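Asker: Contents of input.tsv (TSV, C-alpha atoms and all ligand atoms) are given next:
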chain	number	residue	atom	x	y	z
B	1	MET	CA	2.24	4.07	30.89
B	2	ARG	CA	2.05	0.31	30.31
B	3	THR	CA	5.21	-1.67	30.78
B	4	TYR	CA	6.54	-3.80	27.95
B	5	ASP	CA	5.89	-7.53	28.17
B	6	HIS	CA	6.95	-9.40	25.02
B	7	ASP	CA	5.07	-12.63	25.71
B	8	GLU	CA	1.95	-10.73	26.76
B	9	ALA	CA	2.03	-8.84	23.44
B	10	VAL	CA	2.12	-12.16	21.56
B	11	ARG	CA	-0.75	-13.42	23.70
B	12	LEU	CA	-2.83	-10.31	22.96
B	13	LEU	CA	-2.34	-10.58	19.19
B	14	VAL	CA	-3.28	-14.26	19.29
B	15	GLU	CA	-6.35	-13.41	21.39
B	16	ARG	CA	-7.40	-10.92	18.72
B	17	THR	CA	-6.79	-13.49	15.96
B	18	ASP	CA	-8.92	-15.93	17.91
B	19	ALA	CA	-11.75	-13.37	18.22
B	20	THR	CA	-11.62	-12.71	14.47
B	21	LEU	CA	-11.69	-16.44	13.76
B	22	ALA	CA	-14.65	-16.92	16.10
B	23	SER	CA	-16.63	-14.13	14.42
B	24	ASP	CA	-16.94	-16.43	11.39
B	25	GLN	CA	-18.10	-13.79	8.89
B	26	PRO	CA	-17.69	-14.32	5.14
B	27	GLY	CA	-14.76	-12.70	3.35
B	28	TYR	CA	-11.30	-11.68	4.45
B	29	PRO	CA	-10.57	-9.15	7.25
B	30	HIS	CA	-9.18	-5.93	5.82
B	31	TYR	CA	-9.36	-3.16	8.44
B	32	ALA	CA	-11.27	-2.44	11.64
B	33	ASP	CA	-12.30	0.54	13.70
B	34	PRO	CA	-10.42	0.02	16.99
B	35	ALA	CA	-13.44	1.34	18.94
B	36	ASP	CA	-15.41	-1.85	18.44
B	37	GLY	CA	-13.07	-4.10	16.46
B	38	THR	CA	-15.61	-4.89	13.73
B	39	TRP	CA	-13.76	-5.86	10.59
B	40	ARG	CA	-14.49	-4.48	7.21
B	41	ARG	CA	-14.07	-7.51	4.99
B	42	THR	CA	-13.37	-8.07	1.33
B	43	PRO	CA	-15.16	-10.82	-0.60
B	44	ASP	CA	-12.15	-11.96	-2.65
B	45	GLY	CA	-9.16	-10.94	-0.51
B	46	PHE	CA	-8.41	-7.68	-2.35
B	47	TRP	CA	-4.59	-7.37	-1.90
B	48	THR	CA	-4.79	-7.86	1.86
B	49	GLY	CA	-6.56	-11.19	2.36
B	50	GLY	CA	-3.35	-13.21	2.45
B	51	PHE	CA	-2.32	-11.53	5.70
B	52	TRP	CA	-5.26	-13.21	7.41
B	53	GLY	CA	-3.78	-16.59	6.45
B	54	SER	CA	-0.30	-15.61	7.59
B	55	LEU	CA	-1.63	-14.27	10.89
B	56	LEU	CA	-3.37	-17.60	11.50
B	57	ALA	CA	-0.19	-19.50	10.65
B	58	LEU	CA	1.79	-17.33	13.09
B	59	ALA	CA	-0.84	-18.04	15.74
B	60	ALA	CA	-0.29	-21.76	15.06
B	61	VAL	CA	3.45	-21.28	15.63
B	62	ALA	CA	2.90	-19.21	18.78
B	63	THR	CA	0.45	-21.64	20.39
B	64	GLY	CA	1.11	-25.01	18.76
B	65	GLU	CA	-2.66	-25.27	18.21
B	66	GLU	CA	-3.61	-27.18	15.07
B	67	ARG	CA	-6.92	-25.33	14.65
B	68	TYR	CA	-5.06	-22.18	13.57
B	69	ALA	CA	-3.10	-24.15	10.95
B	70	ALA	CA	-6.36	-25.68	9.69
B	71	ALA	CA	-7.93	-22.23	9.38
B	72	ALA	CA	-4.83	-20.95	7.54
B	73	ASP	CA	-5.22	-23.84	5.11
B	74	GLN	CA	-8.77	-22.74	4.35
B	75	VAL	CA	-7.50	-19.26	3.52
B	76	ALA	CA	-4.81	-20.64	1.20
B	77	ILE	CA	-7.30	-22.89	-0.57
B	78	GLY	CA	-9.81	-20.04	-0.90
B	79	LEU	CA	-7.22	-17.76	-2.47
B	80	THR	CA	-6.42	-20.25	-5.23
B	81	GLY	CA	-9.27	-18.73	-7.24
B	82	ARG	CA	-7.23	-15.51	-7.40
B	83	ALA	CA	-4.28	-17.13	-9.19
B	84	GLU	CA	-5.36	-15.65	-12.52
B	85	SER	CA	-6.33	-12.17	-11.26
B	86	ASP	CA	-4.49	-9.55	-13.28
B	87	THR	CA	-2.70	-7.87	-10.37
B	88	ALA	CA	0.92	-7.78	-9.29
B	89	PHE	CA	-0.38	-7.85	-5.72
B	90	ARG	CA	-0.79	-11.60	-6.13
B	91	GLY	CA	2.66	-11.48	-4.56
B	92	PHE	CA	1.07	-10.32	-1.31
B	93	LEU	CA	-1.86	-12.71	-1.64
B	94	PHE	CA	0.07	-15.89	-2.35
B	95	HIS	CA	3.27	-15.25	-0.43
B	96	TYR	CA	1.48	-14.36	2.78
B	97	GLY	CA	-1.70	-16.34	2.25
B	98	ALA	CA	-0.10	-19.56	1.01
B	99	LEU	CA	3.73	-19.77	0.94
B	100	LEU	CA	4.39	-18.44	4.43
B	101	PRO	CA	1.71	-20.71	5.96
B	102	HIS	CA	3.26	-23.65	4.06
B	103	LEU	CA	6.72	-22.85	5.38
B	104	LEU	CA	5.46	-22.30	8.93
B	105	THR	CA	3.06	-25.25	9.21
B	106	GLY	CA	4.21	-27.65	6.49
B	107	SER	CA	0.80	-27.60	4.80
B	108	GLY	CA	0.73	-29.31	1.39
B	109	ALA	CA	-2.52	-27.57	0.42
B	110	ALA	CA	-0.89	-24.19	1.07
B	111	ALA	CA	2.10	-25.20	-1.08
B	112	GLU	CA	-0.23	-26.07	-3.97
B	113	SER	CA	-1.96	-22.71	-3.66
B	114	ALA	CA	1.40	-20.91	-3.55
B	115	LEU	CA	2.49	-22.68	-6.70
B	116	ALA	CA	-0.72	-21.73	-8.52
B	117	GLY	CA	-0.22	-18.10	-7.46
B	118	ALA	CA	3.42	-18.10	-8.58
B	119	ARG	CA	2.54	-19.50	-12.01
B	120	GLY	CA	-0.29	-17.00	-12.41
B	121	LEU	CA	2.03	-14.13	-11.52
B	122	ALA	CA	4.73	-15.34	-13.89
B	123	SER	CA	2.25	-15.44	-16.76
B	124	ALA	CA	1.85	-11.64	-16.41
B	125	PHE	CA	5.59	-11.02	-16.90
B	126	ASN	CA	6.38	-8.51	-19.64
B	127	GLY	CA	9.64	-9.89	-21.03
B	128	ASP	CA	10.30	-6.83	-23.22
B	129	ALA	CA	10.13	-4.45	-20.28
B	130	GLY	CA	11.54	-6.93	-17.74
B	131	LEU	CA	8.91	-6.88	-14.99
B	132	ILE	CA	5.42	-7.86	-13.93
B	133	PRO	CA	3.31	-4.70	-14.38
B	134	LEU	CA	0.81	-3.51	-11.81
B	135	GLY	CA	-2.05	-5.14	-13.74
B	136	SER	CA	-5.54	-4.04	-14.66
B	137	GLN	CA	-7.10	-5.50	-11.50
B	138	ALA	CA	-4.58	-4.07	-9.02
B	139	GLU	CA	-6.03	-1.84	-6.33
B	140	GLU	CA	-4.22	1.20	-7.63
B	141	ALA	CA	-4.26	0.47	-11.36
B	142	GLY	CA	-7.24	2.70	-12.21
B	143	ASP	CA	-6.56	3.93	-15.72
B	144	VAL	CA	-2.74	3.78	-15.58
B	145	GLY	CA	-2.51	1.21	-18.37
B	146	ALA	CA	0.02	-1.55	-18.96
B	147	GLY	CA	3.13	0.53	-18.28
B	148	ALA	CA	2.74	0.98	-14.52
B	149	ALA	CA	4.84	-0.39	-11.67
B	150	ASN	CA	4.56	-0.15	-7.88
B	151	ILE	CA	7.17	-0.85	-5.23
B	152	ASP	CA	4.46	-2.69	-3.27
B	153	ALA	CA	4.62	-5.36	-5.99
B	154	VAL	CA	8.08	-6.51	-4.85
B	155	PRO	CA	7.54	-7.86	-1.29
B	156	GLY	CA	6.16	-11.37	-1.52
B	157	THR	CA	6.48	-11.57	-5.31
B	158	VAL	CA	10.22	-12.20	-5.56
B	159	ALA	CA	10.29	-14.71	-2.71
B	160	LEU	CA	7.25	-16.56	-4.06
B	161	LEU	CA	8.69	-16.91	-7.57
B	162	CYS	CA	12.13	-17.98	-6.33
B	163	TRP	CA	10.61	-20.57	-4.00
B	164	ALA	CA	8.48	-21.89	-6.88
B	165	ALA	CA	11.59	-22.12	-9.08
B	166	GLU	CA	13.40	-24.16	-6.41
B	167	ARG	CA	10.43	-26.45	-5.87
B	168	THR	CA	9.70	-27.14	-9.54
B	169	GLY	CA	13.10	-26.72	-11.17
B	170	GLU	CA	11.59	-24.11	-13.50
B	171	THR	CA	14.53	-21.71	-13.43
B	172	GLY	CA	12.67	-19.22	-15.61
B	173	LEU	CA	10.59	-18.29	-12.56
B	174	ALA	CA	13.73	-17.21	-10.67
B	175	GLU	CA	14.89	-15.16	-13.64
B	176	ILE	CA	11.53	-13.36	-13.77
B	177	ALA	CA	11.91	-12.61	-10.05
B	178	ARG	CA	15.43	-11.24	-10.48
B	179	ARG	CA	14.49	-8.97	-13.40
B	180	HIS	CA	11.33	-7.78	-11.62
B	181	ALA	CA	13.32	-6.81	-8.51
B	182	ALA	CA	16.08	-5.12	-10.52
B	183	ARG	CA	13.57	-3.00	-12.45
B	184	HIS	CA	12.03	-1.78	-9.21
B	185	VAL	CA	15.42	-0.77	-7.82
B	186	GLU	CA	15.92	1.28	-10.97
B	187	TYR	CA	12.40	2.73	-11.05
B	188	CYS	CA	11.68	3.40	-7.40
B	189	VAL	CA	14.89	4.02	-5.41
B	190	ARG	CA	15.99	7.64	-5.52
B	191	ASP	CA	19.64	8.72	-5.21
B	192	ASP	CA	19.20	9.62	-1.54
B	193	GLY	CA	17.80	6.18	-0.67
B	194	SER	CA	14.20	7.34	-0.42
B	195	VAL	CA	11.56	5.45	-2.37
B	196	ALA	CA	8.96	6.54	-4.90
B	197	GLN	CA	5.88	4.35	-4.78
B	198	SER	CA	5.13	4.17	-8.50
B	199	ALA	CA	6.65	4.44	-11.94
B	200	ALA	CA	5.40	4.76	-15.50
B	201	PHE	CA	7.47	2.90	-18.08
B	202	ASP	CA	7.54	2.18	-21.79
B	203	GLU	CA	5.95	-1.24	-22.02
B	204	ARG	CA	7.98	-2.16	-25.14
B	205	THR	CA	11.42	-1.27	-23.78
B	206	GLY	CA	11.02	-0.87	-20.03
B	207	GLU	CA	12.45	2.63	-20.19
B	208	LEU	CA	11.44	4.72	-17.15
B	209	LYS	CA	9.13	7.60	-18.06
B	210	CYS	CA	8.42	9.11	-14.63
B	211	ARG	CA	8.02	8.43	-10.93
B	212	TYR	CA	4.79	9.20	-9.14
B	213	THR	CA	2.58	8.07	-6.28
B	214	HIS	CA	-0.89	6.68	-5.70
B	215	LYS	CA	-1.03	6.89	-1.92
B	216	GLY	CA	1.69	9.39	-0.94
B	217	LEU	CA	1.44	13.13	-0.38
B	218	SER	CA	3.08	14.07	-3.68
B	219	ASP	CA	5.12	12.51	-6.46
B	220	GLY	CA	8.35	13.76	-4.91
B	221	SER	CA	7.55	12.91	-1.28
B	222	THR	CA	8.04	9.57	0.43
B	223	TRP	CA	4.97	7.63	1.44
B	224	ALA	CA	6.01	5.70	4.55
B	225	ARG	CA	4.74	2.34	3.32
B	226	ALA	CA	6.63	2.75	0.03
B	227	GLN	CA	9.85	2.99	2.03
B	228	ALA	CA	8.89	0.07	4.27
B	229	TRP	CA	7.75	-2.18	1.41
B	230	ALA	CA	11.03	-1.48	-0.40
B	231	MET	CA	13.04	-2.46	2.69
B	232	LEU	CA	11.13	-5.72	2.98
B	233	GLY	CA	11.00	-6.48	-0.75
B	234	PHE	CA	14.71	-5.97	-1.31
B	235	ALA	CA	15.60	-7.85	1.88
B	236	GLN	CA	13.59	-10.79	0.53
B	237	ALA	CA	15.21	-10.38	-2.89
B	238	ALA	CA	18.70	-10.40	-1.31
B	239	HIS	CA	17.83	-13.66	0.46
B	240	TRP	CA	16.11	-15.41	-2.43
B	241	SER	CA	17.36	-13.90	-5.64
B	242	GLY	CA	20.92	-12.66	-5.17
B	243	PRO	CA	23.32	-10.56	-3.10
B	244	GLU	CA	23.08	-7.64	-5.54
B	245	PHE	CA	19.86	-6.66	-3.79
B	246	LEU	CA	21.50	-6.27	-0.40
B	247	ASP	CA	22.98	-2.86	-1.18
B	248	PRO	CA	19.64	-1.27	-2.21
B	249	ALA	CA	17.97	-2.91	0.77
B	250	LEU	CA	20.51	-1.35	3.14
B	251	ARG	CA	20.33	2.04	1.45
B	252	VAL	CA	16.57	2.29	1.83
B	253	ALA	CA	16.77	0.94	5.39
B	254	ASP	CA	19.41	3.50	6.37
B	255	ARG	CA	17.16	6.24	5.02
B	256	TRP	CA	14.22	4.90	7.02
B	257	ILE	CA	16.24	4.93	10.24
B	258	GLU	CA	17.50	8.44	9.59
B	259	TRP	CA	14.01	9.81	9.05
B	260	LEU	CA	12.08	7.91	11.71
B	261	PRO	CA	10.91	10.14	14.60
B	262	ASP	CA	11.74	9.31	18.23
B	263	CYS	CA	8.30	7.77	18.75
B	264	ARG	CA	9.39	5.13	16.17
B	265	VAL	CA	6.11	5.34	14.28
B	266	ALA	CA	6.39	6.86	10.84
B	267	PRO	CA	4.04	9.63	9.74
B	268	TRP	CA	1.91	8.32	6.86
B	269	ASP	CA	4.20	10.32	4.53
B	270	PHE	CA	7.60	11.64	5.59
B	271	ALA	CA	6.78	15.06	4.10
B	272	ALA	CA	3.44	15.34	5.91
B	273	GLY	CA	4.81	17.09	9.01
B	274	VAL	CA	5.27	16.25	12.67
B	275	ASP	CA	1.58	16.33	13.53
B	276	ALA	CA	0.48	14.18	10.61
B	277	PRO	CA	-1.39	10.92	11.24
B	278	ARG	CA	0.93	7.98	11.84
B	279	ASP	CA	1.02	4.61	10.17
B	280	THR	CA	1.88	1.88	12.65
B	281	SER	CA	1.68	-0.70	9.87
B	282	ALA	CA	4.64	0.91	8.06
B	283	SER	CA	6.74	0.67	11.22
B	284	ALA	CA	5.73	-2.97	11.74
B	285	ILE	CA	6.72	-3.85	8.16
B	286	ALA	CA	10.02	-2.01	8.65
B	287	ALA	CA	10.71	-3.90	11.88
B	288	VAL	CA	10.48	-7.25	10.07
B	289	ALA	CA	12.71	-5.94	7.27
B	290	LEU	CA	15.34	-4.69	9.75
B	291	LEU	CA	15.38	-8.03	11.56
B	292	ARG	CA	15.96	-9.83	8.28
B	293	LEU	CA	18.67	-7.41	7.19
B	294	ALA	CA	20.47	-7.62	10.56
B	295	ASP	CA	20.90	-11.34	9.83
B	296	GLN	CA	21.82	-10.88	6.17
B	297	SER	CA	24.46	-8.16	6.48
B	298	THR	CA	27.71	-8.15	8.40
B	299	ASP	CA	27.86	-4.46	9.29
B	300	ARG	CA	24.36	-3.50	10.45
B	301	PRO	CA	24.01	-5.18	13.88
B	302	HIS	CA	22.22	-2.05	15.11
B	303	TYR	CA	19.27	-2.90	12.86
B	304	ARG	CA	18.15	-5.56	15.33
B	305	ASP	CA	18.19	-3.06	18.21
B	306	HIS	CA	16.31	-0.58	16.07
B	307	ALA	CA	13.67	-3.18	15.21
B	308	ALA	CA	13.33	-4.22	18.85
B	309	ALA	CA	12.90	-0.59	19.95
B	310	THR	CA	10.23	-0.08	17.28
B	311	VAL	CA	8.35	-3.17	18.40
B	312	ARG	CA	8.45	-1.98	22.03
B	313	ARG	CA	6.92	1.36	21.08
B	314	LEU	CA	4.27	-0.24	18.89
B	315	VAL	CA	3.29	-2.52	21.76
B	316	VAL	CA	3.38	0.00	24.60
B	317	ASP	CA	1.84	2.95	22.77
B	318	HIS	CA	-0.48	1.32	20.24
B	319	LEU	CA	-1.47	-2.26	21.08
B	320	THR	CA	-4.74	-2.46	23.00
B	321	PRO	CA	-5.24	-2.24	25.93
B	322	VAL	CA	-3.07	0.88	25.91
B	323	THR	CA	-4.22	1.87	29.43
B	324	GLU	CA	-5.61	-0.16	32.30
B	325	ASP	CA	-9.15	0.99	31.56
B	326	ASP	CA	-8.93	0.86	27.74
B	327	PRO	CA	-12.47	-0.29	26.73
B	328	ARG	CA	-11.51	-1.43	23.23
B	329	PRO	CA	-11.16	-5.09	22.24
B	330	ALA	CA	-7.75	-6.47	23.21
B	331	GLY	CA	-4.89	-7.15	20.80
B	332	ILE	CA	-5.58	-4.44	18.21
B	333	LEU	CA	-2.62	-2.59	16.70
B	334	THR	CA	-4.18	0.87	16.45
B	335	ALA	CA	-3.16	3.92	14.37
B	336	GLY	CA	-2.67	2.22	11.04
B	337	CYS	CA	-3.28	4.44	8.04
B	338	PHE	CA	-4.66	2.66	5.02
B	339	ASP	CA	-5.27	5.56	2.62
B	340	GLN	CA	-4.85	9.13	3.85
B	341	ARG	CA	-5.40	10.68	0.41
B	342	ARG	CA	-8.84	9.14	0.10
B	343	GLY	CA	-9.63	9.44	3.80
B	344	GLU	CA	-10.22	5.72	4.17
B	345	ALA	CA	-9.29	3.94	7.43
B	346	THR	CA	-6.75	6.54	8.51
B	347	ALA	CA	-6.51	5.56	12.21
B	348	HIS	CA	-7.45	1.90	12.14
B	349	GLU	CA	-6.41	-1.64	12.75
B	350	LEU	CA	-5.01	-3.05	9.51
B	351	ILE	CA	-4.75	-6.78	8.96
B	352	TRP	CA	-1.17	-6.51	7.68
B	353	GLY	CA	-0.17	-4.31	10.62
B	354	ASP	CA	-1.26	-7.06	13.03
B	355	HIS	CA	0.60	-9.62	10.91
B	356	PHE	CA	3.91	-7.75	10.82
B	357	LEU	CA	3.81	-6.91	14.53
B	358	LEU	CA	3.25	-10.58	15.43
B	359	GLU	CA	5.91	-11.66	12.92
B	360	SER	CA	8.41	-9.22	14.49
B	361	LEU	CA	7.62	-10.45	17.99
B	362	LEU	CA	8.04	-14.09	16.99
B	363	ARG	CA	11.26	-13.39	15.07
B	364	LEU	CA	12.68	-11.54	18.07
B	365	ARG	CA	11.78	-14.52	20.26
B	366	GLY	CA	13.40	-16.94	17.79
B	367	ASP	CA	10.11	-18.70	16.99
B	368	VAL	CA	10.37	-17.93	13.26
B	369	ALA	CA	13.60	-19.07	11.66
B	370	THR	CA	15.76	-16.55	9.85
B	371	SER	CA	15.59	-18.84	6.80
B	372	ILE	CA	11.88	-18.08	6.40
B	373	PRO	CA	11.34	-15.38	3.74
V	1	LIG	N1	-0.91	-1.25	-2.00
V	1	LIG	C1	-0.22	-1.60	-0.84
V	1	LIG	C2	-0.41	-0.66	0.27
V	1	LIG	O1	-1.35	0.13	0.29
V	1	LIG	O2	0.39	-0.71	1.19
Translate the structure described by the file into structure tokens.
Answerer:
Amino acid sequence: MRTYDHDEAVRLLVERTDATLASDQPGYPHYADPADGTWRRTPDGFWTGGFWGSLLALAAVATGEERYAAAADQVAIGLTGRAESDTAFRGFLFHYGALLPHLLTGSGAAAESALAGARGLASAFNGDAGLIPLGSQAEEAGDVGAGAANIDAVPGTVALLCWAAERTGETGLAEIARRHAARHVEYCVRDDGSVAQSAAFDERTGELKCRYTHKGLSDGSTWARAQAWAMLGFAQAAHWSGPEFLDPALRVADRWIEWLPDCRVAPWDFAAGVDAPRDTSASAIAAVALLRLADQSTDRPHYRDHAAATVRRLVVDHLTPVTEDDPRPAGILTAGCFDQRRGEATAHELIWGDHFLLESLLRLRGDVATSIP
């Protein structure tokens, strides 16, 4: 078994980022088969393209090399064209693809892109119902109509809107963020602290009609990324929007810790059984959320240890090279599960998995300030 070397793990992820940058293909990296590392790309960034920008910005922090910051800028500028896309996942695109790079590198171009994304998102707010709906162009919208919400629309979104409110003085943006987060606590967090991915609501009143899932095993089960996105989204909301979001963040995090198997990598759905495919990306997201919550709460110091143990297992068991003679390209976080229900990229490298593993490593090393969302 490989031994754990924190700095070497950072170096490997940066090496992989460098290889992706050098490949210079059009579009945004989405997922890759670990066997050869060839990225499947999306022409417009889908909901995942922003993580390419944030990965580049983290590489700039890790190395001090300006070329990564310049490449992150190009991603942020390129995403500006998505500011008017009708999807709540603009939170992912513009938080990770523009705001985080701005906060990490100081880029003015990235700040402008983040502001455009925040204003576009805010224009989709349904004031009667009190949230930004999934949107007709969201990955999972299909034919769900205007009364659909997803927990994955909270991470990024709340932080982006609150930052934009602070920067511009437009306090209405912060109020939209607060109401959006509060609705998702109501819609998606079950009494036992587990999380439902999706909700149908009355678009005139906001009244919850039912909970369901797009990517989980069943409407009543818990898709691992739903739980992880909720941890991260409410941790960000507690930081940016108000302390009332700390309690739901801790409740969903406690549930995650209770359910996580000893290998520290969640099955793609917690009801899928012990032999089910894993999703390393869910565990990487959760690690970042736990690190943030360890700083934000007074009585969960064990969250940091839990995050550190998760990161160790992700690195030792799943970051290439996993063995001395591993022939695969170096620096790939393997065993990410994009969409088990549709059988798409179920044991792959996922761009956001790489991002959250590198973010966790840099937060643990103190290279990313706790004030960064
Ligand atoms: N739609 C976000 C995800 O698949 O995690």
Asker: Pick from B:Thr157, B:Thr20, B:Thr310, B:Thr222: nearest to Phe234 in chain B, with all atoms listed in the file counted?
Answerer: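 Counting all atoms listed in the file, the residue closest to Phe234 in chain B is B:Thr157.
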Asker: Write out as number ranges by chain which residues come within 7 Å of Ala284 in chain B when counting only C-alpha atoms, dropping same-chain ones fewer than 2 positions away.
Answerer: B: 280-282, 286-288, 353, 356-357
Asker: Between B:Val14, B:Ala141, B:Ala309, B:Ala69, which has the minimum distance to ligand LIG 1 (chain V) (counting all atoms listed in the file)?
Answerer: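 Using all atoms listed in the file, ligand LIG 1 (chain V) sits closest to B:Ala141.
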Asker: Taking only C-alpha atoms and all ligand atoms and a cut-off of 8 Å, can you tell me which residues surround ligand LIG 1 (chain V), written as a PyMOL selection string?
Answerer: chain B and resi 47+89+139-140+152-153+215+225-226+229+338-339
Asker: Between CA of Gly97 in chain B and CA of Ile77 in chain B, what is the distance, to one decimal in Å?
Answerer: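 Between CA of Gly97 in chain B and CA of Ile77 in chain B the gap is 9.1 Å.
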Asker: Figure out the distance between CA of Glu203 in chain B and CA of Leu173 in chain B, please, to one decimal in Å.
Answerer: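 About the pair CA of Leu173 in chain B and CA of Glu203 in chain B: they are 20.0 Å apart.
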Asker: Work out how far CA of Glu186 in chain B is from CA of Thr205 in chain B, in Å to one decimal.
Answerer: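 That distance, rounded to one decimal, is 13.8 Å.
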Asker: Calculated over only C-alpha atoms, which of the candidates B:Ala330, B:Gly336, B:Ala57, B:Arg264 has the smallest distance to Ala19 in chain B?
Answerer: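 Of B:Ala330, B:Gly336, B:Ala57, B:Arg264, the one nearest Ala19 in chain B is B:Ala330, counting only C-alpha atoms.
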Asker: Here is a test: counting all atoms listed in the file, which residue of B:His95, B:Gly145, B:Arg211, B:Ala224 is nearest to Ala164 in chain B?
Answerer: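 The shortest atom-to-atom distance to Ala164 in chain B comes from B:His95.
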Asker: Tell me which of B:Arg179, B:Arg11, B:Arg204, B:His102 sits closest to Asp128 in chain B, counting all atoms listed in the file.
Answerer: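 Smallest separation from Asp128 in chain B among the options: B:Arg204.
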